[in-house]
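Input: a single structure, listed below in structure tokens.
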Amino acid sequence: MRAVTWQGKRNVQVKDVPDPKIEEPTDVVVRVTSTAICGSDLHVYEVLAPYMQEDDVLGHEPMGIVEAVGDAVVHVQPGDRVVIPFNISCGSCWMCSRGLYSQCETTQVRSEGKGAALLGYTQLYGRVPGGQAHYLRVPQGHFGPIKVSNEGPDEKYLFLSDVLPTAWQAVEYADPEPGGTVAVYGLGPIGQMASRIALHRGASRVLALDPVPERRAMAERHGVLALDPAEMDDVPGSLIDLVDGRGPDAVIEAVGMEAHGSPRGKLAQAAAGLLPDAVSEPLIDKYALDRLAALHAALKSARRGGTVSISGVYGGELDPFPMMEVFDRQLQIRMGQANVHRWIPELLPLVDDPADPLGVLDLTTHQLPLDEAPGAYQMFQDKEDGCVKVVLKP
């Protein structure tokens with residue numbers, strides 16, 4: 001089969017790799033019909049390259065048709081249309097029983113001190129072959145695959161794999177009061193959907209910040225007040241002024257470790273990436289720095305007694321944290337990988353709704369054949385051609 005493979009920093013190639021097969025009774029094999037490129041894929045494209053190996057198969061946002069199931073799988077069968085969550089969870093361990101599927105004790109990558117294994121990611125999360133391919137083996141397939149309707153385009157359901165649950169959790173963790181104001185940093189796919197979900201769940205206003213005009217225009221189509229941070233001398237101060245001189249009730253940070261405006265963090269990431277893997281891996285694990293401009297601005301934007309929800313991915317160990325600011329402002333902070341299955345009961349009816357209340361059909365900006373993945377990664381990384389979300393078609 002053909003698959004998108006990692007070959008080096010900023011170097012992905014579509015190659016022939018062996019077809020997956022059933023290896024465990026709990027496995028499912030899916031013929032992939034659509035698979036998206038995620039902002040987290042850009043981290044392995046560049047910053048997390050030391051944790052990758054040549055020919056690793058990428059991608060953690062797939063859906064398709066079940067081809068084969070192991071003997072322990074009963075909830076799906078060949079021919080079913082399914083979406084595959086990006087985190088691999090068993091559904092029955094102590095963590096899963098509490099809805100913490102991203103911390104599944106059955107698939108935790110204990111050798112790296114990390115949570116549940118992820119599809120198509122680094123050795124930190126299990127190095128499980130991913131879904132940017134013609135076929136995908138799904139471990140823990142007795143629980144993971146989400147059966148969806150056969151009606152409608154893939155893009156109606158595809159984002160249940162990651163984007164929608166991550167955005168829903170971001171708003172849940174932000175916990176804005178009814179009629180409150182929410183600010184969102186970053187209008188990539190997560191920021192776009194978090195903005196819409198916040199309005200759907202009762203926020204009176206959503207203010208979102210992104211320097212890319214096309215991303216702001218997309219957000220504005222869904223009732224979001226989109227702002228260009230480049231036009232503000234003081235971003236947190238401007239947000240505070242816009243909300244009664246007090247600031248937003250909740251702030252969602254949907255940018256992550258590669259934020260613009262963080263020259264020292266960028267330099268540290270670049271320096272680590274130039275070192276041999278055997279040297280850079282322990283440095284990143286113990287001494288890594290993120291680019292924190294967006295996070296620090298988010299912490300300074302929320303009103304006193306407000307909440308900051310962090311859905312952008314971070315990997316630093318020595319990041320400077322503004323403790324005085326957080327303590328003095330009495331902020332609540334929540335964060336973490338999305339617990340995908342936790343939010344599916346609330347999301348699936350909204351996705352099934354013909355009215356498309358969350359606008360899931362207005363997120364994909366580029367639909368391309370799988371073989372065009374290398375150029376798509378570059379376009380997404382460089383934010384060219386109005387790119388917000390790329391869906392690949394194997």
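Labels used: A, B, ... for chains in the order of the structure tokens, numbers from 1 for residues in each chain, and numbers from 1 for ligands as shown.
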**A:Ile88 environment, 9 Å, only C-alpha atoms, sequence neighbours closer than 2 positions dropped, as a ChimeraX atom specification** = /A:85-86,90,101-102,104,107,116-119,138-141,144
**Item:** 10 Å contact set for A:Gln53, only C-alpha atoms, chain neighbours under 3 positions out, as a list in words
**Value:** Thr5, Trp6, Gln7, Gly8, Ala49, Pro50, Asp56, Val57, Thr122, Gln123, Arg127 and Asp277 of chain A
Residues of the last selection are to be written out with N, CA and C atoms, as a JSON list (two decimals), in the first residue's frame.
```json
[["chain", "number", "residue", "atom", "x", "y", "z"],
["A", 5, "THR", "N", 5.22, 8.82, 4.73],
["A", 5, "THR", "CA", 6.29, 8.39, 5.64],
["A", 5, "THR", "C", 7.22, 9.56, 5.96],
["A", 6, "TRP", "N", 7.74, 9.52, 7.18],
["A", 6, "TRP", "CA", 8.71, 10.52, 7.63],
["A", 6, "TRP", "C", 10.10, 10.11, 7.16],
["A", 7, "GLN", "N", 10.82, 11.06, 6.55],
["A", 7, "GLN", "CA", 12.17, 10.77, 6.06],
["A", 7, "GLN", "C", 13.22, 11.72, 6.61],
["A", 8, "GLY", "N", 12.80, 12.69, 7.39],
["A", 8, "GLY", "CA", 13.73, 13.66, 7.96],
["A", 8, "GLY", "C", 12.99, 14.96, 8.22],
["A", 49, "ALA", "N", 11.43, 16.09, 15.39],
["A", 49, "ALA", "CA", 12.13, 15.19, 14.47],
["A", 49, "ALA", "C", 13.08, 14.22, 15.17],
["A", 50, "PRO", "N", 13.78, 14.62, 16.25],
["A", 50, "PRO", "CA", 14.69, 13.66, 16.89],
["A", 50, "PRO", "C", 14.02, 12.41, 17.42],
["A", 56, "ASP", "N", 8.69, 5.98, 9.36],
["A", 56, "ASP", "CA", 7.53, 6.03, 10.24],
["A", 56, "ASP", "C", 6.33, 6.52, 9.42],
["A", 57, "VAL", "N", 5.19, 5.83, 9.57],
["A", 57, "VAL", "CA", 3.96, 6.22, 8.86],
["A", 57, "VAL", "C", 3.20, 7.24, 9.70],
["A", 122, "THR", "N", 5.32, 10.00, 17.46],
["A", 122, "THR", "CA", 6.73, 9.72, 17.76],
["A", 122, "THR", "C", 6.88, 8.54, 18.72],
["A", 123, "GLN", "N", 8.15, 8.20, 18.99],
["A", 123, "GLN", "CA", 8.42, 7.13, 19.95],
["A", 123, "GLN", "C", 7.90, 7.50, 21.34],
["A", 127, "ARG", "N", 5.05, 5.09, 18.69],
["A", 127, "ARG", "CA", 5.44, 4.84, 17.29],
["A", 127, "ARG", "C", 4.50, 3.81, 16.64],
["A", 277, "ASP", "N", 20.50, 12.78, 16.98],
["A", 277, "ASP", "CA", 19.34, 12.34, 17.76],
["A", 277, "ASP", "C", 19.73, 11.84, 19.14]]
```
**Asked** Closest to A:Lys156 among A:Pro345, A:Gly359, A:Pro211, A:Gly115, using only C-alpha atoms?
**Response** A:Gly359
**Message:** Env of stretch 375-392 of chain A: 10 Å cut, atoms = only C-alpha atoms, seq-sep filter 5 positions within chain, self excluded. Answer as a VMD selection string.
**Reply:** chain A and resid 10 to 13 32 to 39 41 to 43 45 to 46 61 to 62 132 to 133 154 to 155 158 187 to 190 192 212 to 215 217 to 218 362 to 370
**Request:** Using DSSP on the backbone, list every residue of stretch 99-262 of chain A that comes out as alpha helix (DSSP H), and give them as a PyMOL selection string.
**Result:** chain A and resi 163-174+189-200+213-220+235-242
For A:Pro178: contacts at 9 Å, only C-alpha atoms, fewer than 5 positions along chain excluded, given as a PDB file with C-alpha atoms, in the first residue's frame:
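Now in selection27.pdb:
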```pdb
ATOM      1  CA  ARG A 201     -22.755  26.463  24.020  1.00  0.00           C
ATOM      2  CA  GLY A 202     -23.919  29.911  25.014  1.00  0.00           C
ATOM      3  CA  ALA A 203     -21.045  32.385  24.940  1.00  0.00           C
ATOM      4  CA  SER A 204     -22.294  35.867  24.102  1.00  0.00           C
TER       5      SER A 204
END
```
**Asked** Which is closer to A:Leu348 than all the others in A:Gly247, A:Gly305, A:Pro165, A:Pro229, using only C-alpha atoms?
**Response**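 Once distances to A:Leu348 are computed over only C-alpha atoms, the minimum belongs to A:Pro165.
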**Asked** How far is it from atom CA of A:Val17 to atom CA of A:Leu124, in Å with one decimal?
**Response**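 According to the coordinates, atom CA of A:Val17 and atom CA of A:Leu124 are separated by 22.3 Å.
Separating atom CA of A:Gln169 from atom CA of A:Ser309 is a distance of 8.9 Å.
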**Prompt:** Can you list, as a PyMOL selection string, every protein, DNA or RNA residue that comes within 8 Å of A:Lys15 when you count only C-alpha atoms, leaving out same-chain residues fewer than 3 positions away?
**Reply:** chain A and resi 2-5
